[in-house]
Amino acid sequence: MRDELISAPFKNNFTDPERAEVGVKLVLRERKVTNDELTAKQRES
């Protein structure tokens, strides 16, 4: 699992990858986290 997380784009771990990518970019730019909800996907077997 660790290798899968390292090699995969972070946004792919969420049900809405594009929204996750926008959120991550915002956090990196603003250097803070505000109330925003993202849903993580369950790892596939």
# chains A, B, ... in the order shown; residues from 1 in each chain; ligands from 1
>>> residues_around(residues="segment 13-18 of chain A", least_positions_apart="5", cutoff="9 Å", atoms="only C-alpha atoms", output="PyMOL selection string")
chain A and resi 5+8+23+38-43
>>> select_by_dssp(residues="chain A", states="alpha helix (DSSP H)", output="ChimeraX atom specification")
/A:2-7,17-30
>>> residues_around(residues="segment 33-37 of chain A", least_positions_apart="5", cutoff="10 Å", atoms="only C-alpha atoms", output="NGL selection string")
:A and (19-20 or 23-24 or 26-28)
